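Student: Provided below: structure20.cif, containing mmCIF, C-alpha atoms.
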data_upload
#
loop_
_atom_site.label_atom_id
_atom_site.label_comp_id
_atom_site.auth_asym_id
_atom_site.auth_seq_id
_atom_site.Cartn_x
_atom_site.Cartn_y
_atom_site.Cartn_z
CA MET A 146 81.28 62.92 104.77
CA ASP A 147 81.31 62.51 108.56
CA LYS A 148 81.53 65.41 111.01
CA PRO A 149 85.28 65.16 111.81
CA GLU A 150 86.15 65.03 108.10
CA GLU A 151 83.93 68.02 107.33
CA ARG A 152 85.40 70.06 110.19
CA GLN A 153 88.92 69.20 109.01
CA MET A 154 88.01 70.28 105.46
CA ILE A 155 86.51 73.57 106.68
CA ALA A 156 89.54 74.28 108.90
CA ALA A 157 91.77 73.77 105.86
CA ASP A 158 89.63 76.20 103.85
CA VAL A 159 89.79 78.84 106.63
CA SER A 160 93.57 78.41 106.65
CA ALA A 161 93.74 78.72 102.86
CA ILE A 162 91.87 82.05 102.91
CA GLY A 163 94.15 83.24 105.72
CA LYS A 164 97.19 82.63 103.50
CA ILE A 165 95.90 84.86 100.70
CA GLY A 166 97.68 88.14 101.35
CA ALA A 167 95.24 90.18 99.24
CA VAL A 168 92.14 89.26 101.28
CA PRO A 169 92.61 91.90 104.06
CA SER A 170 92.99 94.52 101.33
CA ILE A 171 89.84 93.31 99.58
CA LEU A 172 87.84 93.62 102.79
CA GLU A 173 89.18 97.16 103.33
CA VAL A 174 88.27 98.23 99.78
CA VAL A 175 84.76 96.77 100.06
CA ALA A 176 84.19 98.56 103.39
CA GLU A 177 85.53 101.88 102.08
CA THR A 178 83.58 101.72 98.81
CA THR A 179 80.22 100.55 100.20
CA GLY A 180 80.38 102.25 103.61
CA MET A 181 79.31 98.98 105.23
CA GLY A 182 80.72 98.02 108.62
CA PHE A 183 81.07 94.23 108.50
CA VAL A 184 82.73 92.43 105.60
CA THR A 185 83.62 88.75 105.53
CA VAL A 186 84.69 85.82 103.39
CA ALA A 187 82.57 82.87 104.50
CA ARG A 188 82.88 79.14 103.81
CA VAL A 189 79.34 77.88 103.24
CA THR A 190 78.35 74.22 103.02
CA GLU A 191 74.93 72.60 103.13
CA GLY A 192 75.09 72.49 106.93
CA THR A 193 77.68 75.07 108.02
CA TRP A 194 78.56 78.78 107.78
CA THR A 195 82.13 79.60 108.87
CA ALA A 196 83.94 82.98 108.82
CA CYS A 197 87.32 82.71 107.05
CA ALA A 198 88.30 86.42 107.14
CA ILE A 199 86.63 89.38 108.82
CA LEU A 200 86.68 93.19 108.91
CA ASP A 201 84.34 94.30 111.72
CA ARG A 202 83.66 98.00 112.35
CA ILE A 203 80.22 97.51 113.90
CA SER A 204 81.19 95.13 116.73
CA PHE A 205 79.27 92.24 115.23
CA GLY A 206 81.45 90.07 117.47
CA LEU A 207 82.23 87.11 115.21
CA PRO A 208 85.86 85.88 115.17
CA VAL A 209 87.72 84.18 112.32
CA GLY A 210 86.65 80.55 112.45
CA GLY A 211 83.37 81.53 114.10
CA GLU A 212 80.22 79.78 112.95
CA LEU A 213 76.61 80.78 112.39
CA ASP A 214 73.58 78.54 111.93
CA VAL A 215 73.54 78.40 108.12
CA SER A 216 69.73 78.32 108.10
CA THR A 217 69.68 81.80 109.69
CA THR A 218 71.82 83.32 106.93
CA LEU A 219 71.12 84.57 103.43
CA CYS A 220 74.32 82.88 102.27
CA SER A 221 72.43 79.60 102.21
CA GLU A 222 70.22 81.10 99.48
CA VAL A 223 73.28 82.29 97.60
CA ARG A 224 74.62 78.74 97.80
CA ASP A 225 71.37 77.14 96.63
CA ASN A 226 70.79 79.57 93.76
CA ARG A 227 74.44 80.38 92.95
CA LEU A 228 73.39 83.99 92.48
CA PRO A 229 74.22 87.17 94.45
CA ILE A 230 71.80 88.78 96.88
CA ILE A 231 71.75 92.59 97.03
CA ILE A 232 69.64 94.59 99.51
CA ASP A 233 69.83 98.38 99.79
CA ASN A 234 67.29 98.62 102.60
CA ALA A 235 65.66 95.47 103.99
CA ALA A 236 62.80 97.49 105.47
CA GLU A 237 61.75 98.62 101.97
CA ASP A 238 62.65 95.47 100.06
CA LEU A 239 59.49 93.59 99.03
CA ARG A 240 61.25 90.24 99.10
CA TYR A 241 63.25 90.62 102.30
CA ARG A 242 61.37 93.05 104.53
CA ASP A 243 59.69 90.11 106.32
CA HIS A 244 62.64 87.72 106.00
CA HIS A 245 63.97 86.29 109.25
CA THR A 246 67.68 87.01 108.54
CA PRO A 247 67.59 90.86 108.49
CA LYS A 248 65.40 90.83 111.61
CA LEU A 249 67.55 88.31 113.47
CA TYR A 250 70.84 90.14 112.85
CA ASN A 251 69.40 93.69 112.82
CA ILE A 252 70.70 94.54 109.34
CA LYS A 253 69.32 96.92 106.74
CA SER A 254 71.84 96.64 103.91
CA TYR A 255 73.33 93.39 102.62
CA ILE A 256 75.37 92.27 99.63
CA SER A 257 76.71 88.77 99.01
CA PHE A 258 78.42 87.28 95.96
CA PRO A 259 79.22 83.59 95.49
CA ILE A 260 82.84 82.41 95.39
CA PHE A 261 83.67 79.42 93.20
CA ARG A 262 86.81 77.33 93.08
CA GLY A 263 88.69 76.98 89.81
CA ASN A 264 86.81 73.77 88.96
CA GLY A 265 83.43 75.50 89.37
CA GLU A 266 82.75 74.04 92.82
CA TYR A 267 80.94 76.41 95.19
CA PHE A 268 83.14 77.60 98.07
CA GLY A 269 81.22 80.33 99.89
CA THR A 270 80.54 84.04 99.74
CA LEU A 271 82.08 87.48 99.91
CA CYS A 272 79.47 89.44 101.82
CA ALA A 273 78.97 92.71 103.67
CA ILE A 274 76.27 93.82 106.10
CA ASP A 275 75.37 96.98 107.97
CA PRO A 276 72.60 98.10 110.36
CA HIS A 277 71.98 101.12 108.10
CA PRO A 278 70.76 101.29 104.48
CA ALA A 279 73.41 101.54 101.74
CA LYS A 280 73.14 101.91 97.96
CA VAL A 281 74.86 98.60 97.20
CA SER A 282 72.78 97.93 94.08
CA ASP A 283 74.89 100.51 92.21
CA PRO A 284 76.27 98.62 89.15
CA ARG A 285 79.76 99.92 89.88
CA ILE A 286 79.69 98.32 93.32
CA THR A 287 78.17 95.05 92.13
CA SER A 288 80.76 94.73 89.35
CA MET A 289 83.53 95.35 91.91
CA MET A 290 82.12 92.69 94.24
CA GLU A 291 81.87 90.22 91.37
CA ALA A 292 85.50 90.91 90.41
CA PHE A 293 86.68 90.47 94.01
CA SER A 294 84.77 87.17 94.30
CA LYS A 295 86.43 85.91 91.13
CA LEU A 296 89.79 87.07 92.44
CA ILE A 297 89.39 85.16 95.71
CA GLY A 298 88.37 82.05 93.77
CA MET A 299 91.47 82.41 91.60
CA GLN A 300 93.66 82.80 94.67
CA LEU A 301 92.10 79.72 96.28
CA GLU A 302 93.02 77.82 93.17
CA SER A 303 96.52 79.29 93.40
CA GLU A 304 96.85 78.21 97.03
CA GLU A 305 95.67 74.70 96.20
CA ARG A 306 98.14 74.52 93.33
CA HIS A 307 100.88 75.72 95.64
CA LEU A 308 100.17 72.89 98.08
CA LYS A 309 100.14 70.37 95.24
CA ALA A 310 103.39 71.83 93.92
CA GLN A 311 105.19 70.71 97.08
CA ALA A 312 104.91 67.19 95.67
CA ASP A 313 104.62 68.03 91.96
CA LEU A 314 106.19 71.37 90.97
CA LEU A 315 104.11 73.63 88.77
CA SER A 316 105.59 74.49 85.41
CA GLU A 317 106.86 78.03 84.93
CA GLN A 318 104.24 78.55 82.22
CA GLN A 319 101.34 77.71 84.54
CA THR A 320 102.67 80.05 87.21
CA SER A 321 103.16 82.84 84.70
CA GLU A 322 99.62 82.48 83.35
CA LEU A 323 98.11 82.60 86.84
CA ARG A 324 100.22 85.65 87.70
CA GLU A 325 99.09 87.49 84.60
CA GLN A 326 95.43 86.63 85.28
CA PHE A 327 95.69 87.89 88.85
CA ILE A 328 97.37 91.16 87.89
CA ALA A 329 94.88 91.68 85.04
CA VAL A 330 91.94 91.40 87.46
CA LEU A 331 93.54 93.88 89.85
CA GLY A 332 94.60 96.32 87.18
CA HIS A 333 91.41 96.38 85.13
CA ASP A 334 88.31 94.83 86.68
CA LEU A 335 88.80 96.53 90.06
CA ARG A 336 90.11 99.93 89.03
CA ASN A 337 87.43 100.62 86.43
CA PRO A 338 84.45 100.63 88.86
CA LEU A 339 86.36 102.85 91.29
CA PHE A 340 87.25 105.25 88.48
CA ALA A 341 83.58 105.36 87.49
CA ILE A 342 82.53 106.13 91.07
CA GLU A 343 85.04 108.98 91.37
CA SER A 344 84.04 110.39 87.98
CA GLY A 345 80.40 110.31 89.05
CA THR A 346 81.10 112.17 92.29
CA ASN A 347 83.13 114.80 90.39
CA LEU A 348 80.15 115.40 88.10
CA LEU A 349 77.76 115.67 91.05
CA LEU A 350 80.00 118.21 92.79
CA ARG A 351 79.71 120.51 89.77
CA LYS A 352 75.97 120.78 90.39
CA LYS A 353 74.07 122.77 92.97
CA LEU A 354 73.74 120.60 96.05
CA ASP A 355 72.44 121.29 99.52
CA PRO A 356 75.15 121.20 102.24
CA ALA A 357 74.22 117.71 103.47
CA SER A 358 74.27 116.22 99.96
CA ARG A 359 77.57 117.94 99.10
CA SER A 360 79.17 116.61 102.28
CA LEU A 361 77.98 113.08 101.43
CA VAL A 362 79.27 113.25 97.84
CA GLU A 363 82.63 114.64 99.00
CA HIS A 364 82.89 111.78 101.48
CA MET A 365 82.13 109.31 98.65
CA ARG A 366 84.85 110.88 96.48
CA THR A 367 87.39 110.74 99.30
CA SER A 368 86.51 107.10 99.99
CA SER A 369 86.75 106.14 96.31
CA ARG A 370 90.16 107.82 96.02
CA ARG A 371 91.38 105.98 99.10
CA ALA A 372 90.01 102.73 97.72
CA SER A 373 91.86 103.42 94.44
CA ARG A 374 95.08 103.94 96.37
CA LEU A 375 94.48 100.67 98.23
CA VAL A 376 93.96 98.85 94.92
CA GLY A 377 97.14 100.45 93.59
CA ASP A 378 99.06 99.22 96.64
CA VAL A 379 97.65 95.72 96.22
CA LEU A 380 98.60 95.77 92.54
CA ASP A 381 102.16 96.75 93.40
CA PHE A 382 102.16 94.06 96.09
CA ALA A 383 101.04 91.46 93.56
CA ARG A 384 103.69 92.47 91.03
CA GLY A 385 106.41 92.39 93.65
CA ARG A 386 105.27 89.13 95.27
CA LEU A 387 104.21 87.09 92.24
CA GLY A 388 107.29 87.81 90.18
CA GLY A 389 108.44 90.32 87.60
CA GLY A 390 108.88 93.13 90.12
CA ILE A 391 107.44 96.63 90.02
CA PRO A 392 107.65 97.97 86.44
CA LEU A 393 109.76 101.07 85.84
CA ASN A 394 110.00 103.81 83.23
CA VAL A 395 113.64 104.78 83.70
CA GLU A 396 114.99 108.00 82.23
CA ASP A 397 117.51 110.65 83.22
CA ALA A 398 115.94 112.93 85.85
CA PRO A 399 117.96 116.16 86.08
CA ASP A 400 115.05 117.80 87.92
CA LEU A 401 114.61 115.03 90.51
CA GLU A 402 114.93 117.55 93.35
CA GLU A 403 111.84 119.37 92.07
CA THR A 404 109.90 116.08 92.11
CA LEU A 405 110.96 115.39 95.69
CA GLN A 406 110.07 118.92 96.78
CA HIS A 407 106.60 118.46 95.31
CA VAL A 408 106.03 115.33 97.42
CA ILE A 409 107.18 117.14 100.55
CA ALA A 410 104.94 120.15 99.83
CA GLU A 411 101.93 117.85 99.31
CA LEU A 412 102.45 116.06 102.64
CA GLN A 413 103.25 119.32 104.42
CA GLY A 414 99.85 120.57 103.28
CA ILE A 415 98.19 117.50 104.79
CA HIS A 416 100.18 117.90 108.04
CA PRO A 417 100.51 121.70 108.42
CA ALA A 418 101.45 121.49 112.11
CA ARG A 419 104.44 119.22 111.48
CA SER A 420 108.00 120.34 110.76
CA ILE A 421 109.66 118.77 107.70
CA ARG A 422 113.30 119.76 107.14
CA CYS A 423 115.08 119.16 103.82
CA ALA A 424 118.74 118.84 102.86
CA PHE A 425 119.35 118.21 99.14
CA ASP A 426 122.66 117.98 97.26
CA ILE A 427 121.84 116.21 94.01
CA ALA A 428 124.83 117.26 91.92
CA GLU A 429 124.55 114.50 89.28
CA THR A 430 121.74 113.42 86.96
CA VAL A 431 119.92 110.42 88.40
CA PRO A 432 118.62 107.77 85.94
CA CYS A 433 115.38 106.54 87.51
CA ASP A 434 111.62 106.32 87.31
CA ARG A 435 110.85 109.68 88.93
CA ASP A 436 107.21 108.78 89.64
CA ARG A 437 108.27 105.64 91.50
CA ILE A 438 110.96 107.54 93.41
CA ALA A 439 108.26 110.07 94.36
CA GLN A 440 106.07 107.17 95.53
CA LEU A 441 108.97 105.78 97.56
CA LEU A 442 109.54 109.13 99.28
CA SER A 443 105.81 109.58 99.87
CA ASN A 444 105.60 106.17 101.55
CA LEU A 445 108.66 106.84 103.75
CA LEU A 446 107.57 110.35 104.69
CA THR A 447 103.97 109.28 105.43
CA ASN A 448 105.35 106.53 107.67
CA ALA A 449 107.58 109.03 109.50
CA LEU A 450 104.76 111.54 110.00
CA THR A 451 102.43 108.80 111.23
CA HIS A 452 104.77 107.10 113.69
CA GLY A 453 107.24 109.84 114.64
CA ALA A 454 106.91 112.19 117.61
CA SER A 455 104.43 114.91 116.65
CA ASP A 456 106.47 117.65 118.36
CA GLN A 457 109.74 116.73 116.62
CA PRO A 458 110.85 117.46 113.03
CA VAL A 459 111.14 114.92 110.24
CA ASP A 460 114.34 115.17 108.19
CA VAL A 461 114.51 114.38 104.47
CA ALA A 462 117.93 114.21 102.80
CA ALA A 463 118.93 113.37 99.23
CA TYR A 464 122.37 113.53 97.66
CA THR A 465 124.66 112.01 95.03
CA GLY A 466 128.21 110.94 95.59
CA GLY A 467 130.55 107.99 95.33
CA GLY A 468 128.63 106.65 92.34
CA SER A 469 125.35 106.43 94.23
CA PHE A 470 122.13 108.29 94.87
CA VAL A 471 120.93 108.30 98.48
CA LEU A 472 117.51 109.32 99.81
CA SER A 473 116.75 109.15 103.53
CA VAL A 474 113.90 110.03 105.90
CA THR A 475 114.44 110.28 109.68
CA ASN A 476 111.95 110.87 112.47
CA ARG A 477 112.23 111.13 116.25
CA GLY A 478 110.26 109.18 118.80
CA PRO A 479 110.43 105.79 120.54
CA SER A 480 113.15 103.65 118.98
CA ILE A 481 112.41 100.33 117.29
CA PRO A 482 114.07 97.17 118.70
CA ALA A 483 116.88 95.90 116.48
CA GLU A 484 115.23 92.52 115.98
CA MET A 485 112.14 94.24 114.54
CA LEU A 486 113.94 96.30 111.90
CA PRO A 487 114.21 93.55 109.22
CA LYS A 488 110.48 92.82 109.61
CA LEU A 489 109.44 96.38 108.76
CA PHE A 490 109.75 95.72 105.02
CA ARG A 491 107.44 92.71 105.12
CA PRO A 492 103.96 93.25 103.62
CA PHE A 493 100.95 94.01 105.84
CA GLN A 494 103.11 95.12 108.78
CA ARG A 495 101.20 97.65 110.92
CA SER A 496 101.49 98.77 114.48
CA VAL A 497 99.19 97.08 116.99
CA ALA A 498 97.35 100.37 117.53
CA ALA A 499 96.93 101.09 113.83
CA ALA A 500 93.43 102.19 112.88
CA PRO A 501 91.79 101.01 109.63
CA GLN A 502 92.49 104.34 107.97
CA ASP A 503 96.21 103.90 108.61
CA GLY A 504 96.37 101.81 105.43
CA LEU A 505 97.20 98.21 104.66
CA GLY A 506 100.76 98.07 105.97
CA LEU A 507 102.20 97.92 102.44
CA GLY A 508 104.02 101.28 102.30
CA LEU A 509 107.48 100.15 103.41
CA TYR A 510 107.19 96.87 101.49
CA ILE A 511 106.39 98.74 98.26
CA ALA A 512 109.25 101.19 98.96
CA SER A 513 111.64 98.23 99.25
CA GLN A 514 110.30 96.77 95.98
CA ILE A 515 110.80 100.10 94.19
CA ALA A 516 114.35 100.19 95.57
CA GLU A 517 115.01 96.65 94.36
CA SER A 518 113.61 97.38 90.89
CA HIS A 519 116.11 100.27 90.65
CA GLY A 520 118.97 97.92 91.54
CA GLY A 521 119.19 99.55 94.97
CA ARG A 522 118.29 98.66 98.54
CA MET A 523 116.43 99.94 101.58
CA ASP A 524 118.02 100.06 105.05
CA ALA A 525 116.47 100.86 108.41
CA SER A 526 118.09 102.00 111.64
CA SER A 527 116.77 103.18 114.99
CA SER A 528 118.25 104.50 118.21
CA PRO A 529 117.17 106.93 120.96
CA GLU A 530 119.90 109.37 119.95
CA ALA A 531 119.60 109.36 116.13
CA GLY A 532 115.91 108.53 115.77
CA THR A 533 114.41 106.10 113.26
CA GLY A 534 115.70 106.36 109.73
CA PHE A 535 115.01 104.70 106.39
CA ARG A 536 117.63 105.04 103.65
CA PHE A 537 117.34 104.21 99.96
CA THR A 538 120.65 103.74 98.11
CA MET A 539 121.01 103.05 94.39
CA PRO A 540 123.94 103.06 91.94
CA LEU A 541 123.94 105.87 89.41
CA ARG A 542 125.27 103.84 86.48
CA GLY A 543 125.18 100.06 86.26
CA GLY A 544 125.75 97.51 89.02
CA ARG A 545 123.90 97.33 92.33
CA ALA A 546 124.11 99.42 95.47
CA GLY A 547 126.98 98.25 97.60
#
With the file now loaded, output its structure as structure tokens.

Tutor:
Amino acid sequence: MDKPEERQMIAADVSAIGKIGAVPSILEVVAETTGMGFVTVARVTEGTWTACAILDRISFGLPVGGELDVSTTLCSEVRDNRLPIIIDNAAEDLRYRDHHTPKLYNIKSYISFPIFRGNGEYFGTLCAIDPHPAKVSDPRITSMMEAFSKLIGMQLESEERHLKAQADLLSEQQTSELREQFIAVLGHDLRNPLFAIESGTNLLLRKKLDPASRSLVEHMRTSSRRASRLVGDVLDFARGRLGGGIPLNVEDAPDLEETLQHVIAELQGIHPARSIRCAFDIAETVPCDRDRIAQLLSNLLTNALTHGASDQPVDVAAYTGGGSFVLSVTNRGPSIPAEMLPKLFRPFQRSVAAAPQDGLGLGLYIASQIAESHGGRMDASSSPEAGTGFRFTMPLRGGRAG
């Protein structure tokens, strides 16, 4: 293969990774779980190393599409051996303490797992690095990295099938099988290691620990819980985007107001300095999945507390009437341009200034999917006078929200 052909192939692969909506979430979860500052999906050939997706918290300085001399990387060894490389501390690792790669890039911890296409062909690596040591050899972390690598390989296959389907449509059965495989990986292979990590930290916190160790374990537990929430959001995203919608357990909820009050109290505890005002008039029983409605309110209220003016109240209203149930959240602050309002419910929408801890930008998208699964809809409005409001409307019995 000549140089122009190879560059064209690599550019197509970078583009394919960029189209996989779950990849930014995967990088976030890896960073949160391992504590490492640079995570990337790299396309690795015999002569090239190219970054396809990047999360950079250590100012490594490599952009998407950026290249490294493959001979200076450990990914070339992963490619040759088709096995992962895991280094907790390069300075203490007998095999890698004198290796040129850790010295060249000033890294102590390193983890890299191979990514294979559906036909078994080697694609590249999912890897993370950091200038500080990290316990990445923990089996729970390595199993998570292996699952993520498999997931990316599956999604590459999905993207390739999608391109082929433009000329030759995939059968509904093939699409359904791929969807079920993808959701199974998210729901089982990724959640189990995170659950194990959180369970381990809970056990450690029951023991006598010095202040520094306790602080570290508490940070690990907080990070694992956040990573679990991120995986949950990605799972909901996959269900909503790949078909089938978000599953519901619908039943009559005569005590729905109590559920909503619990969500408000929880977020009020997290934001004690903020004012949250409530106005409820739920006179009729609402048939719904109360846990999903609580999730919807939590997403809307978190969004309002994050982006609304900190010195202004946030208003939550819920009522029944005219055959419908309505739930709304309104905050004050700079208004949103009208042309931007429809885009707010798209996945991975975050403000330009959003920090990594602000989440994945899935909250409003998942809220809209919950609304749709209930046969309802989400609306957004914004003006300097009335503030920015999000309203969920659903029919109480049969039909769809008008």

Student: Of the candidates A:Glu291, A:Glu304, A:Asp225, A:Glu212, which shows the shortest atom-to-atom distance to Gly163 in chain A, using all atoms listed in the file?

Tutor: A:Glu304

Student: Edge lengths and centre in Å to one decimal, as AutoDock Vina command-line options, is what I'm after for the box along x, y and z that holds all listed atoms of range 303-306 of chain A once 5 Å is added on each side.

Tutor:
--center_x 96.9 --center_y 76.9 --center_z 95.2 --size_x 12.5 --size_y 14.8 --size_z 13.7

Student: Using CA of Thr451 in chain A and CA of Asn476 in chain A as the two end points, give the distance in Å to one decimal.

Tutor: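 Between CA of Thr451 in chain A and CA of Asn476 in chain A the gap works out to 9.8 Å.
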
Student: Work out how far CA of Ala462 in chain A is from CA of Glu411 in chain A, in Å to one decimal.

Tutor: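 CA of Glu411 in chain A sits 16.8 Å away from CA of Ala462 in chain A.
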
Student: Hey, which of A:Ala428, A:Leu450, A:Met154, A:Leu348 ends up closest to Phe470 in chain A? Count only C-alpha atoms.

Tutor: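 Answer, going by the shortest atom-to-atom distance: A:Ala428.
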
Student: What would range 413-434 of chain A look like with N, CA and C atoms restored, written as a JSON list (two decimals), in the coordinates of the input?

Tutor:
[["chain", "number", "residue", "atom", "x", "y", "z"],
["A", 413, "GLN", "N", 103.24, 118.21, 103.47],
["A", 413, "GLN", "CA", 103.25, 119.32, 104.42],
["A", 413, "GLN", "C", 101.86, 119.97, 104.48],
["A", 414, "GLY", "N", 101.20, 120.02, 103.31],
["A", 414, "GLY", "CA", 99.85, 120.57, 103.28],
["A", 414, "GLY", "C", 98.85, 119.72, 104.05],
["A", 415, "ILE", "N", 99.08, 118.41, 104.05],
["A", 415, "ILE", "CA", 98.19, 117.50, 104.79],
["A", 415, "ILE", "C", 98.49, 117.57, 106.28],
["A", 416, "HIS", "N", 99.76, 117.83, 106.63],
["A", 416, "HIS", "CA", 100.18, 117.90, 108.04],
["A", 416, "HIS", "C", 100.78, 119.28, 108.32],
["A", 417, "PRO", "N", 99.97, 120.33, 108.30],
["A", 417, "PRO", "CA", 100.51, 121.70, 108.42],
["A", 417, "PRO", "C", 101.20, 121.97, 109.75],
["A", 418, "ALA", "N", 100.86, 121.23, 110.79],
["A", 418, "ALA", "CA", 101.45, 121.49, 112.11],
["A", 418, "ALA", "C", 102.80, 120.81, 112.29],
["A", 419, "ARG", "N", 103.19, 119.95, 111.33],
["A", 419, "ARG", "CA", 104.44, 119.22, 111.48],
["A", 419, "ARG", "C", 105.59, 119.96, 110.81],
["A", 420, "SER", "N", 106.79, 119.74, 111.33],
["A", 420, "SER", "CA", 108.00, 120.34, 110.76],
["A", 420, "SER", "C", 108.73, 119.31, 109.91],
["A", 421, "ILE", "N", 108.92, 119.64, 108.62],
["A", 421, "ILE", "CA", 109.66, 118.77, 107.70],
["A", 421, "ILE", "C", 110.87, 119.55, 107.21],
["A", 422, "ARG", "N", 112.06, 119.07, 107.53],
["A", 422, "ARG", "CA", 113.30, 119.76, 107.14],
["A", 422, "ARG", "C", 113.95, 119.00, 105.97],
["A", 423, "CYS", "N", 114.49, 119.76, 105.02],
["A", 423, "CYS", "CA", 115.08, 119.16, 103.82],
["A", 423, "CYS", "C", 116.55, 119.53, 103.70],
["A", 424, "ALA", "N", 117.33, 118.60, 103.17],
["A", 424, "ALA", "CA", 118.74, 118.84, 102.86],
["A", 424, "ALA", "C", 119.04, 118.09, 101.57],
["A", 425, "PHE", "N", 119.13, 118.83, 100.45],
["A", 425, "PHE", "CA", 119.35, 118.21, 99.14],
["A", 425, "PHE", "C", 120.69, 118.64, 98.56],
["A", 426, "ASP", "N", 121.41, 117.69, 97.98],
["A", 426, "ASP", "CA", 122.66, 117.98, 97.26],
["A", 426, "ASP", "C", 122.77, 116.96, 96.12],
["A", 427, "ILE", "N", 121.88, 117.13, 95.14],
["A", 427, "ILE", "CA", 121.84, 116.21, 94.01],
["A", 427, "ILE", "C", 122.62, 116.84, 92.87],
["A", 428, "ALA", "N", 123.93, 116.60, 92.87],
["A", 428, "ALA", "CA", 124.83, 117.26, 91.92],
["A", 428, "ALA", "C", 124.91, 116.54, 90.58],
["A", 429, "GLU", "N", 124.47, 115.29, 90.52],
["A", 429, "GLU", "CA", 124.55, 114.50, 89.28],
["A", 429, "GLU", "C", 123.15, 114.12, 88.82],
["A", 430, "THR", "N", 123.01, 113.88, 87.52],
["A", 430, "THR", "CA", 121.74, 113.42, 86.96],
["A", 430, "THR", "C", 121.48, 111.99, 87.42],
["A", 431, "VAL", "N", 120.27, 111.74, 87.86],
["A", 431, "VAL", "CA", 119.92, 110.42, 88.40],
["A", 431, "VAL", "C", 119.02, 109.69, 87.40],
["A", 432, "PRO", "N", 119.48, 108.56, 86.82],
["A", 432, "PRO", "CA", 118.62, 107.77, 85.94],
["A", 432, "PRO", "C", 117.65, 106.94, 86.77],
["A", 433, "CYS", "N", 116.36, 107.22, 86.66],
["A", 433, "CYS", "CA", 115.38, 106.54, 87.51],
["A", 433, "CYS", "C", 113.98, 106.73, 86.95],
["A", 434, "ASP", "N", 113.03, 106.07, 87.56],
["A", 434, "ASP", "CA", 111.62, 106.32, 87.31],
["A", 434, "ASP", "C", 111.19, 107.35, 88.35]]
